[in-house]
Structure formats: structure tokens, C-alpha cells
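Q: Contents of start.txt (compact mmCIF, C-alpha atoms) are given next:
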# COMPACT_ATOMS: atom_id res chain seq x y z
CA MET A 92 99.09 99.42 150.55
CA HIS A 93 102.74 100.37 150.15
CA SER A 94 103.63 97.05 148.51
CA LEU A 95 100.57 97.35 146.27
CA LEU A 96 101.79 100.74 145.05
CA GLN A 97 105.27 99.28 144.53
CA GLN A 98 103.83 96.46 142.43
CA LEU A 99 101.72 98.92 140.44
CA SER A 100 104.69 101.15 139.67
CA THR A 101 106.79 98.10 138.69
CA THR A 102 104.07 97.00 136.29
CA LEU A 103 103.85 100.46 134.76
CA LEU A 104 107.63 100.70 134.42
CA LEU A 105 107.72 97.31 132.69
CA SER A 106 104.97 98.43 130.30
CA ILE A 107 106.86 101.62 129.45
CA GLY A 108 110.06 99.59 128.98
CA ALA A 109 108.25 97.22 126.61
CA MET A 110 106.89 100.18 124.63
CA ILE A 111 110.38 101.68 124.32
CA ALA A 112 111.79 98.30 123.24
CA LEU A 113 109.04 97.90 120.64
CA THR A 114 109.78 101.37 119.28
CA GLY A 115 113.51 100.60 119.24
CA CYS A 116 113.05 97.54 117.01
CA LYS A 117 111.84 99.79 114.20
CA THR A 118 115.18 101.55 113.81
CA THR A 119 117.35 101.05 110.74
CA ASN A 120 120.95 99.94 110.34
CA VAL A 121 122.86 101.54 107.46
CA VAL A 122 125.89 100.35 105.50
CA ASN A 123 127.98 102.82 103.50
CA PRO A 124 131.09 102.30 101.39
CA THR A 125 134.23 104.16 102.47
CA ALA A 126 136.73 105.96 100.28
CA THR A 127 139.32 103.28 100.97
CA GLY A 128 137.16 100.54 99.44
CA GLY A 129 135.88 99.23 102.76
CA PHE A 130 132.57 99.81 104.49
CA GLU A 131 131.11 101.38 107.62
CA GLN A 132 128.06 100.19 109.52
CA ILE A 133 125.83 102.66 111.33
CA ILE A 134 124.16 100.57 114.02
CA THR A 135 121.02 101.84 115.72
CA ASN A 136 119.51 98.38 116.28
CA GLY A 137 121.78 95.87 118.01
CA TRP A 138 119.30 93.02 117.66
CA LEU A 139 119.14 93.54 113.89
CA LYS A 140 122.96 93.57 113.73
CA SER A 141 123.06 90.18 115.45
CA LYS A 142 121.19 88.62 112.53
CA ALA A 143 122.43 90.81 109.64
CA SER A 144 126.01 91.90 110.19
CA VAL A 145 128.14 92.87 107.21
CA VAL A 146 131.15 90.62 106.71
CA SER A 147 132.27 91.73 103.25
CA VAL A 148 131.47 94.15 100.43
CA HIS A 149 132.41 93.65 96.78
CA GLU A 150 131.97 96.23 94.04
CA GLY A 151 132.23 95.70 90.31
CA VAL A 152 131.10 97.03 86.93
CA VAL A 153 128.59 95.25 84.69
CA ASN A 154 127.23 96.01 81.23
CA GLY A 155 130.28 98.16 80.52
CA ASP A 156 129.58 101.11 82.80
CA MET A 157 127.12 100.23 85.54
CA LYS A 158 128.17 99.65 89.12
CA LYS A 159 127.16 96.49 90.93
CA VAL A 160 127.56 95.81 94.63
CA ALA A 161 127.35 92.58 96.63
CA VAL A 162 127.13 92.70 100.42
CA ALA A 163 127.53 89.51 102.50
CA LEU A 164 125.52 89.45 105.73
CA PHE A 165 126.03 87.00 108.60
CA SER A 166 123.55 85.89 111.25
CA ASP A 167 124.99 85.05 114.67
CA GLN A 168 121.62 83.73 115.86
CA ASN A 169 120.89 80.06 116.61
CA THR A 170 117.53 80.07 114.85
CA GLN A 171 116.15 81.14 111.46
CA GLN A 172 115.67 84.91 111.31
CA TYR A 173 114.06 87.51 109.06
CA PHE A 174 115.08 90.98 107.96
CA SER A 175 114.61 93.19 104.93
CA TYR A 176 116.86 95.52 102.98
CA LYS A 177 116.87 98.25 100.36
CA PHE A 178 119.69 99.74 98.27
CA GLU A 179 119.70 103.42 97.37
CA TRP A 180 121.98 104.93 94.72
CA PHE A 181 123.36 108.47 94.39
CA ASP A 182 125.16 110.36 91.63
CA SER A 183 128.54 112.04 92.05
CA ASN A 184 126.82 115.14 93.50
CA GLY A 185 125.08 113.09 96.14
CA MET A 186 121.67 113.38 94.46
CA PRO A 187 119.48 110.27 94.82
CA ILE A 188 118.81 108.40 91.57
CA PRO A 189 115.19 107.21 91.45
CA SER A 190 114.48 103.71 90.24
CA ALA A 191 111.17 102.18 89.20
CA THR A 192 112.33 98.81 90.48
CA GLN A 193 113.69 99.99 93.83
CA VAL A 194 112.01 97.85 96.46
CA THR A 195 112.43 96.62 100.01
CA THR A 196 113.22 92.93 99.84
CA GLY A 197 112.59 90.40 102.60
CA VAL A 198 115.29 87.87 103.48
CA VAL A 199 115.12 84.60 105.42
CA ILE A 200 118.51 83.79 106.94
CA GLN A 201 119.31 80.42 108.52
CA ALA A 202 121.14 80.05 111.84
CA LYS A 203 124.84 81.00 111.65
CA ASP A 204 124.48 81.46 107.90
CA THR A 205 125.67 84.11 105.43
CA VAL A 206 123.54 85.54 102.62
CA THR A 207 124.70 87.89 99.89
CA VAL A 208 122.44 90.72 98.74
CA THR A 209 123.21 92.48 95.47
CA SER A 210 122.16 95.54 93.54
CA VAL A 211 122.90 96.97 90.12
CA ALA A 212 122.95 100.76 89.80
CA PRO A 213 119.87 102.17 88.07
CA SER A 214 122.02 104.16 85.64
CA ALA A 215 125.62 104.72 84.60
CA ASN A 216 125.55 108.02 86.53
CA ALA A 217 125.37 106.24 89.85
CA ALA A 218 128.53 106.85 91.87
CA ARG A 219 127.68 105.77 95.41
CA TRP A 220 125.32 103.38 97.15
CA THR A 221 123.89 102.92 100.59
CA LEU A 222 122.29 99.79 102.06
CA LYS A 223 119.47 100.09 104.57
CA LEU A 224 118.63 97.11 106.76
CA TYR A 225 115.27 96.79 108.50
CA ASP A 226 114.09 94.48 111.24
CA THR A 227 111.02 92.44 110.41
CA GLN A 228 110.76 90.08 113.37
CA HIS A 229 111.50 91.13 116.91
CA PRO A 230 111.57 88.63 119.80
CA LEU A 231 109.38 90.86 122.00
CA MET B 884 96.89 107.64 161.91
CA HIS B 885 95.49 104.25 161.05
CA THR B 886 95.55 103.22 157.37
CA PRO B 887 93.03 100.53 156.57
CA ARG B 888 94.67 97.55 154.77
CA LEU B 889 92.87 96.08 151.80
CA PRO B 890 92.01 92.40 152.04
CA LEU B 891 94.29 90.09 149.99
CA VAL B 892 91.57 89.27 147.41
CA SER B 893 90.90 92.99 146.77
CA ARG B 894 94.63 93.70 146.41
CA ASN B 895 95.05 90.93 143.84
CA GLN B 896 92.00 92.21 141.99
CA ALA B 897 93.41 95.76 142.01
CA LEU B 898 96.74 94.48 140.75
CA ARG B 899 95.11 92.51 137.96
CA THR B 900 93.03 95.53 136.96
CA SER B 901 96.08 97.80 136.90
CA CYS B 902 98.02 95.25 134.81
CA ALA B 903 95.13 95.06 132.35
CA ILE B 904 94.97 98.86 132.12
CA ALA B 905 98.75 99.14 131.62
CA ALA B 906 98.70 96.45 128.92
CA ALA B 907 95.75 98.12 127.19
CA LEU B 908 97.57 101.47 127.29
CA ALA B 909 100.73 99.92 125.83
CA LEU B 910 98.74 98.21 123.08
CA ALA B 911 96.70 101.32 122.33
CA SER B 912 99.83 103.45 122.05
CA THR B 913 101.35 101.11 119.45
CA LEU B 914 98.23 100.13 117.54
CA GLY B 915 95.86 102.99 118.25
CA CYS B 916 96.13 104.77 114.92
CA GLN B 917 96.32 101.76 112.60
CA ASN B 918 92.76 102.02 111.34
CA ASN B 919 93.30 105.52 109.99
CA SER B 920 94.01 105.76 106.27
CA ARG B 921 97.50 107.00 105.50
CA TYR B 922 100.09 107.15 102.74
CA VAL B 923 102.73 104.42 102.74
CA ASN B 924 106.07 104.20 101.00
CA THR B 925 105.55 102.10 97.86
CA SER B 926 109.12 100.80 98.08
CA GLY B 927 108.95 100.36 101.86
CA ASN B 928 108.15 97.32 103.96
CA ASP B 929 104.75 98.26 105.36
CA VAL B 930 102.45 97.66 102.38
CA ILE B 931 99.52 95.28 102.87
CA VAL B 932 100.57 91.73 102.02
CA ASP B 933 97.98 89.26 100.75
CA ALA B 934 99.32 85.75 100.20
CA GLY B 935 96.75 85.08 97.50
CA LYS B 936 97.10 88.25 95.45
CA MET B 937 99.83 90.24 93.75
CA ASN B 938 100.59 93.74 94.94
CA VAL B 939 102.79 96.65 93.87
CA GLN B 940 105.69 95.21 95.88
CA ASP B 941 105.54 91.92 93.94
CA TRP B 942 105.59 93.74 90.60
CA ALA B 943 108.68 95.69 91.66
CA LEU B 944 110.41 92.59 93.06
CA LEU B 945 109.86 90.62 89.84
CA ALA B 946 110.92 93.51 87.61
CA ASP B 947 113.99 94.19 89.76
CA GLN B 948 115.20 90.58 89.68
CA CYS B 949 114.81 90.34 85.89
CA THR B 950 116.44 93.67 85.03
CA GLN B 951 119.36 93.04 87.40
CA SER B 952 119.89 89.65 85.76
CA MET B 953 119.74 91.11 82.24
CA ILE B 954 122.07 94.03 82.99
CA SER B 955 124.52 91.82 84.91
CA ALA B 956 124.67 89.41 81.96
CA GLY B 957 126.16 92.26 79.90
CA VAL B 958 124.24 91.42 76.71
CA LEU B 959 122.97 94.96 76.18
CA GLN B 960 126.46 96.39 75.73
CA ARG B 961 126.89 94.18 72.63
CA TYR B 962 124.05 96.00 70.86
CA GLY B 963 124.22 99.64 71.78
CA ASP B 964 126.02 102.33 73.70
CA GLN B 965 125.14 105.73 75.13
CA THR B 966 125.48 107.43 71.69
CA LYS B 967 123.69 104.79 69.60
CA PRO B 968 121.32 102.75 71.75
CA ALA B 969 119.75 99.56 70.41
CA GLY B 970 116.06 99.70 69.37
CA MET B 971 113.75 97.40 71.29
CA LEU B 972 110.14 96.27 71.00
CA LEU B 973 108.41 94.53 73.88
CA ASN B 974 105.67 91.97 73.46
CA ALA B 975 102.68 92.22 75.78
CA LEU B 976 102.97 90.26 79.01
CA VAL B 977 101.33 86.84 78.78
CA ASN B 978 99.41 86.61 82.04
CA GLU B 979 98.88 82.94 82.95
CA THR B 980 97.77 83.73 86.50
CA THR B 981 94.19 83.75 87.78
CA GLU B 982 94.48 87.46 88.50
CA GLN B 983 93.33 90.27 86.23
CA PHE B 984 95.75 93.16 86.02
CA ASP B 985 97.46 95.29 83.39
CA GLY B 986 100.75 93.69 82.32
CA ASP B 987 102.29 97.14 82.12
CA ALA B 988 102.37 97.08 85.92
CA ILE B 989 105.48 94.92 85.51
CA LEU B 990 106.65 95.70 81.96
CA LYS B 991 106.73 99.47 82.46
CA LYS B 992 109.13 99.07 85.37
CA ILE B 993 111.38 96.90 83.22
CA ARG B 994 111.26 99.41 80.38
CA ILE B 995 112.19 102.27 82.68
CA ALA B 996 115.11 100.29 84.10
CA LEU B 997 116.35 99.34 80.62
CA LEU B 998 116.01 102.90 79.28
CA ASN B 999 118.00 104.18 82.25
CA THR B 1000 120.94 102.00 81.23
CA GLY B 1001 121.31 104.26 78.16
CA ARG B 1002 121.94 101.24 75.94
CA VAL B 1003 118.36 100.61 74.85
CA GLU B 1004 115.53 102.70 73.42
CA VAL B 1005 111.95 101.54 73.03
CA ILE B 1006 110.48 101.93 69.52
CA MET B 1007 107.14 103.74 69.81
CA THR B 1008 106.30 104.31 66.12
CA ALA B 1009 106.16 100.72 64.89
CA GLY B 1010 104.82 97.42 66.09
CA PRO B 1011 103.32 94.12 65.01
CA GLY B 1012 100.84 94.64 62.13
CA GLY B 1013 101.75 98.32 61.95
CA ARG B 1014 100.15 98.98 65.34
CA ALA B 1015 102.39 101.48 67.04
CA GLU B 1016 102.27 102.07 70.77
CA ASP B 1017 102.14 105.82 70.16
CA PRO B 1018 99.87 106.44 67.10
CA ILE B 1019 100.37 110.21 67.22
CA ALA B 1020 104.14 109.83 67.01
CA GLN B 1021 103.64 107.28 64.22
CA ASN B 1022 101.52 109.75 62.22
CA ALA B 1023 104.09 112.49 62.76
CA GLN B 1024 106.88 110.22 61.62
CA GLN B 1025 104.84 109.18 58.56
CA SER B 1026 104.32 112.85 57.64
CA LYS B 1027 108.03 113.60 57.98
CA ALA B 1028 108.92 110.49 55.97
CA MET B 1029 106.48 111.50 53.19
CA MET B 1030 107.99 114.99 53.04
CA ASN B 1031 111.38 113.37 52.62
CA GLY B 1032 110.01 110.95 50.00
CA SER B 1033 110.41 107.81 52.07
CA ASP B 1034 108.23 105.25 53.80
CA ASN B 1035 108.43 105.23 57.59
CA GLN B 1036 107.65 101.48 57.68
CA LEU B 1037 110.95 100.92 55.88
CA LEU B 1038 113.01 103.11 58.17
CA ALA B 1039 115.81 101.09 59.75
CA LYS B 1040 115.21 102.84 63.07
CA ASN B 1041 111.71 101.34 63.17
CA THR B 1042 113.10 97.84 62.98
CA PRO B 1043 113.95 96.51 66.43
CA ASP B 1044 117.42 95.18 67.13
CA LEU B 1045 116.06 93.35 70.14
CA THR B 1046 112.66 92.06 71.26
CA LEU B 1047 111.50 90.98 74.66
CA THR B 1048 108.86 88.41 75.59
CA ALA B 1049 107.46 87.94 79.08
CA LYS B 1050 105.21 85.38 80.71
CA LEU B 1051 103.85 85.38 84.25
CA LEU B 1052 102.98 82.07 85.91
CA GLN B 1053 101.27 81.29 89.20
CA ASN B 1054 101.37 78.25 91.46
CA GLN B 1055 99.09 78.11 94.47
CA THR B 1056 98.78 75.49 97.22
CA ARG B 1057 96.85 75.38 100.48
CA ALA B 1058 97.53 73.55 103.73
CA SER B 1059 96.16 73.96 107.27
CA GLY B 1060 94.31 77.15 106.37
CA ASP B 1061 97.42 78.77 104.91
CA THR B 1062 97.78 79.78 101.28
CA GLN B 1063 101.15 79.65 99.53
CA THR B 1064 101.42 81.40 96.19
CA ALA B 1065 104.41 81.55 93.87
CA TYR B 1066 104.56 84.07 91.03
CA ILE B 1067 107.14 83.35 88.36
CA LEU B 1068 108.13 85.86 85.68
CA GLN B 1069 109.97 84.39 82.69
CA MET B 1070 111.57 86.63 80.07
CA THR B 1071 113.50 86.09 76.85
CA LEU B 1072 115.54 88.64 74.91
CA THR B 1073 115.85 87.91 71.19
CA ASP B 1074 118.33 89.23 68.62
CA THR B 1075 116.29 90.04 65.49
CA ASP B 1076 119.30 89.57 63.18
CA SER B 1077 120.02 86.00 64.23
CA GLY B 1078 116.51 85.23 65.52
CA ARG B 1079 118.09 83.63 68.56
CA GLY B 1080 117.41 84.13 72.23
CA ILE B 1081 120.45 85.83 73.76
CA TRP B 1082 119.29 86.10 77.35
CA GLU B 1083 116.65 84.41 79.46
CA GLY B 1084 115.72 85.28 82.99
CA GLU B 1085 113.36 84.03 85.65
CA ALA B 1086 112.22 85.85 88.76
CA ASN B 1087 110.24 84.42 91.66
CA VAL B 1088 108.16 85.77 94.49
CA MET B 1089 106.64 83.38 97.00
CA LYS B 1090 104.21 84.32 99.76
CA ARG B 1091 102.48 82.31 102.46
CA GLY B 1092 99.82 83.28 104.96
CA GLY B 1093 96.26 83.00 106.16
CA LYS B 1094 95.00 86.54 105.78
CA SER B 1095 96.21 89.97 104.71
CA THR B 1096 98.81 91.63 106.94
CA ILE B 1097 100.92 94.76 106.86
CA GLY B 1098 104.61 94.37 106.05
CA PHE B 1099 106.95 91.42 105.66
Have the structure of the file written as C-alpha cells, please.
A:
Amino acid sequence: MHSLLQQLSTTLLLSIGAMIALTGCKTTNVVNPTATGGFEQIITNGWLKSKASVVSVHEGVVNGDMKKVAVALFSDQNTQQYFSYKFEWFDSNGMPIPSATQVTTGVVIQAKDTVTVTSVAPSANAARWTLKLYDTQHPL
Amino acid sequence: MHTPRLPLVSRNQALRTSCAIAAALALASTLGCQNNSRYVNTSGNDVIVDAGKMNVQDWALLADQCTQSMISAGVLQRYGDQTKPAGMLLNALVNETTEQFDGDAILKKIRIALLNTGRVEVIMTAGPGGRAEDPIAQNAQQSKAMMNGSDNQLLAKNTPDLTLTAKLLQNQTRASGDTQTAYILQMTLTDTDSGRGIWEGEANVMKRGGKSTIGF
């Protein structure tokens, strides 16, 4: 009876662990530019980072006065992986700038490969961007 | 005190039952509320995806690719700036797909994105054959032009500097019960002075699947 209870509690603990892991895979990783021209990654999902880790950020100006950003992401995985991303833009006061074409885009990344995601600011008032990365395929 | 031991078969059965209950609880906790109607983020990644049909996400993806390409090309800055934007007229979307939907679902997003650049304005009071997109504004402009002794059809501001054409194509194939559909948006920007195309862009969205699902 004692071993039966032990097995039951182990099963329940495993189920709870799986539920926590499944909830964890929904968290978002965020990339922000820094004042020095670099970038910072806010990692809440280690699995997502293993298949979409920022290796470089390039900023430029197109059409005379509109910011453009290109972020290179590397996958350390040995198989093809999936994730999605969305850029958000803010003005100099930190107010979000809405865009009719803002959309979450899915990406297929090959093993040990690098992909570059880009975004053009929705208006010339855009001063700062943030990149949000989402997991779309968890191994569990 | 003597505790009766369960026979081995009963213990295995109890274990299997408890595993089934635990699994059902775990599944119910993650999927339990999915049948309830709810609002979803239109720019998020949990909209319903149907491999054989366009959705709001596809319209945004196509519009985003085309506008980013056009703005990055830098052609708009040759025609207007923030103080004197170029005038533009857009042709209706040529829908070559098997799906019935309003072409403005895509074109309106492109117009908004182009207007937000500050280098382009859409002409609302003139159009092919005198058919303006906004007839009330056209009448108001005609009245003002008459009061000033001019003809609004001859106003330079009603003549577009740039025009845009757009065509949407579809390619669908099936294999092993899966449907793969590609939607291709092709656009051309024309300079009305030279009559030449100054920018062309193509955007693609491809989906594959057996039945509708939520998210990517």
C-alpha cells in the first residue's frame, strides 16, 4: 500500500511538472536596443533562446527619415525549429506607435542556421523598437 | 494492526486509473476552456489558421512585406516630403484567387502604412472616369472650385504623381490529405510623368495543413 501511494504521488508530481513546463513554454523573450548601440536580451524561455538567440543587431535609416532594424538570430539546435516574432515601435516619449501592418510572423530556422528578421518603423516619429520572440513548437 | 495488502492485479489497475485521472486533469487544465468564445489579438499568434483560406493574419503579412519593400527602396522620398507629399491613386486589387473577399482588406493596410510615412497622400476627390472614392468631398471641392472660377477636374492636386496596381494570385496543391496554399501579392508603383514603373514588389504567404488549427 505504501509503495502504491508512493507511485501515485510520483505520477501526480510528474503531471504537475508537465503542466508547469507546458505553461513555461508560452513565455516571451524580448530584445531591446541599448543606448550604446548594442542590444539586451530578456530571457524568460531558455528553450526558445536555444533556437532564436540574437547574434547581431543593425540599425539604419531608409526613405530619408525612417528607421529600419535587422536582427540576426541563431539556432543552436540540431534539427529544424519554429518560432515567431513581432516588432513594436515607440516614439521618443515611449508611446507605442500603432501600425496596420504589425503582425506576428512565423519563422522556420534550419539546424545551426542564422536568419535575419527586419522591420521598418511605421512612421518617421519612431525612435525606439522592441522585438518579441515567441515559441511555437515545444518538445514536450 | 493488520493492513490488508491489495493483490498485484488490483494495484496495477489502481495505478493505471490514477495515471489516467492525472493525465485527464493535466489535459483539462490546459485545454478545458478552449471551446469558449473569446477575443484574440489580431496581430498575435493564436488566430485560427486554415491552410485553404486567407485570414486577417495573411492580409497583414502580405501588406507588411510589400510596404517594407517599398519604403526600404527609398522611391517615395524622390516624390514628396513631409511638407509636400506626393499624390497617389490606387487601382482596385485584382483578385485572381478562388476566394471572395474585399480587396480593401489588404489595400487599406498598405494605404495606412504609406500615409504614415508622411511622403504620400491618397487623392480622394478624383479617379478613373471621374469616379472619386469620396463623392461628398468631390462635390465640396467642385463647389469651392466653381466659387473660385476654376474646374476641379483640372486641379493639379487631383492629378496623381504616383499610381499603384496590385494583383493577388493563389497556387494550391494537395498531397497525402494535406493542402498547401501559396498567396502571392504583386504590386507596381508607376510614375505618372514618365509612365514608367519605378518599384515592383512581391510578397508571399504559404500555408500547409489538413484542417484548421489555432496559431502557427
Q: Report the distance between CA of Leu998 in chain B and CA of Thr1071 in chain B in Å, rounded to one decimal place.
A: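 If I compute the distance from CA of Leu998 in chain B to CA of Thr1071 in chain B, I get 17.2 Å.
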Q: What are the residues of chain B that have an atom within 6 Å of an atom of chain A, counting only C-alpha atoms, as a list in words?
A: Ser926, Gly927, Asn928, Ala943, Asp947, Gln951, Ile954, Ser955, Gly957, Gln960, Lys992, Asn999 and Thr1000 of chain B
Q: Which residue, A:Thr125, A:Thr221, A:Thr207, A:Thr118, has the smallest gap to Ala143 in chain A when you use all atoms listed in the file?
A: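 Result for the nearest residue to Ala143 in chain A: A:Thr207.
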Q: Find the residues around Val146 in chain A up to 12 Å (all atoms listed in the file counted), leave out those fewer than 2 positions away in its own chain, and share them as a ChimeraX atom specification.
A: /A:122,129-132,140-144,148-149,161-167,204-208
Q: Could you work out how far CA of Leu990 in chain B lies from CA of Gly1092 in chain B, giving the answer in Å with one decimal?
A: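 Between these atoms lies a distance of 27.0 Å.
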Q: Within 10 Å of Met1089 in chain B, counting all atoms listed in the file, which residues qualify if same-chain residues fewer than 4 places away don't, as a list in words?
A: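 Everything that qualifies: Ala934, Asp941, Gln1053, Asn1054, Gln1055, Gln1063, Thr1064, Ala1065, Tyr1066 and Ile1067 of chain B.
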Q: To one decimal in Å, tell me the separation between CA of Arg921 in chain B and CA of Met937 in chain B.
A: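 Value for the CA of Arg921 in chain B-CA of Met937 in chain B distance: 20.6 Å.
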Q: Go through B:Ala956, B:Met1070, B:Gly1001, B:Glu982 and flag the residue nearest Gly935 in chain B, using all atoms listed in the file for the distances.
A: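 Under the stated criterion, the closest residue is B:Glu982.
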Q: For range 1075-1085 of chain B, work out the shell of residues within 8 Å, counting only C-alpha atoms and skipping chain neighbours fewer than 5 positions away, then give it as a ChimeraX atom specification.
A: /B:948-949,952-953,956,958,1043-1046,1067-1070
Q: If you count only C-alpha atoms, which residues fall within 10 Å of Met971 in chain B, apart from same-chain ones fewer than 4 positions away, as a list in words?
A: Arg994, Leu997, Leu998, Val1003, Glu1004, Val1005, Ile1006, Met1007, Lys1040, Asn1041, Thr1042, Pro1043, Asp1044, Leu1045, Thr1046, Leu1047, Leu1072, Thr1073, Asp1074 and Thr1075 of chain B
Q: Any chance you can output those residues with C-alpha atoms as a JSON list (two decimals), in the frame of the given file?
A:
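Final output, part-v2.json:
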[["chain", "number", "residue", "atom", "x", "y", "z"],
["B", 994, "ARG", "CA", 111.26, 99.41, 80.38],
["B", 997, "LEU", "CA", 116.35, 99.34, 80.62],
["B", 998, "LEU", "CA", 116.01, 102.90, 79.28],
["B", 1003, "VAL", "CA", 118.36, 100.61, 74.85],
["B", 1004, "GLU", "CA", 115.53, 102.70, 73.42],
["B", 1005, "VAL", "CA", 111.95, 101.54, 73.03],
["B", 1006, "ILE", "CA", 110.48, 101.93, 69.52],
["B", 1007, "MET", "CA", 107.14, 103.74, 69.81],
["B", 1040, "LYS", "CA", 115.21, 102.84, 63.07],
["B", 1041, "ASN", "CA", 111.71, 101.34, 63.17],
["B", 1042, "THR", "CA", 113.10, 97.84, 62.98],
["B", 1043, "PRO", "CA", 113.95, 96.51, 66.43],
["B", 1044, "ASP", "CA", 117.42, 95.18, 67.13],
["B", 1045, "LEU", "CA", 116.06, 93.35, 70.14],
["B", 1046, "THR", "CA", 112.66, 92.06, 71.26],
["B", 1047, "LEU", "CA", 111.50, 90.98, 74.66],
["B", 1072, "LEU", "CA", 115.54, 88.64, 74.91],
["B", 1073, "THR", "CA", 115.85, 87.91, 71.19],
["B", 1074, "ASP", "CA", 118.33, 89.23, 68.62],
["B", 1075, "THR", "CA", 116.29, 90.04, 65.49]]
Q: Please provide the set of residues having any atom within 10 Å of Ile133 in chain A, restricted to only C-alpha atoms, with same-chain residues fewer than 6 positions apart removed, written as a ChimeraX atom specification.
A: /A:119-123,140,223
Q: Using only C-alpha atoms for the distances, tell me which of B:Ala988, B:Ala1020, B:Ile1097, B:Ala1049 is nearest to Asp929 in chain B.
A: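 Among the listed residues, B:Ile1097 lies closest to Asp929 in chain B.
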Q: Pick the closest to Gly137 in chain A from A:Asp182, A:Ala202, A:Thr170, A:Leu224: which is it, counting all atoms listed in the file?
A: A:Leu224
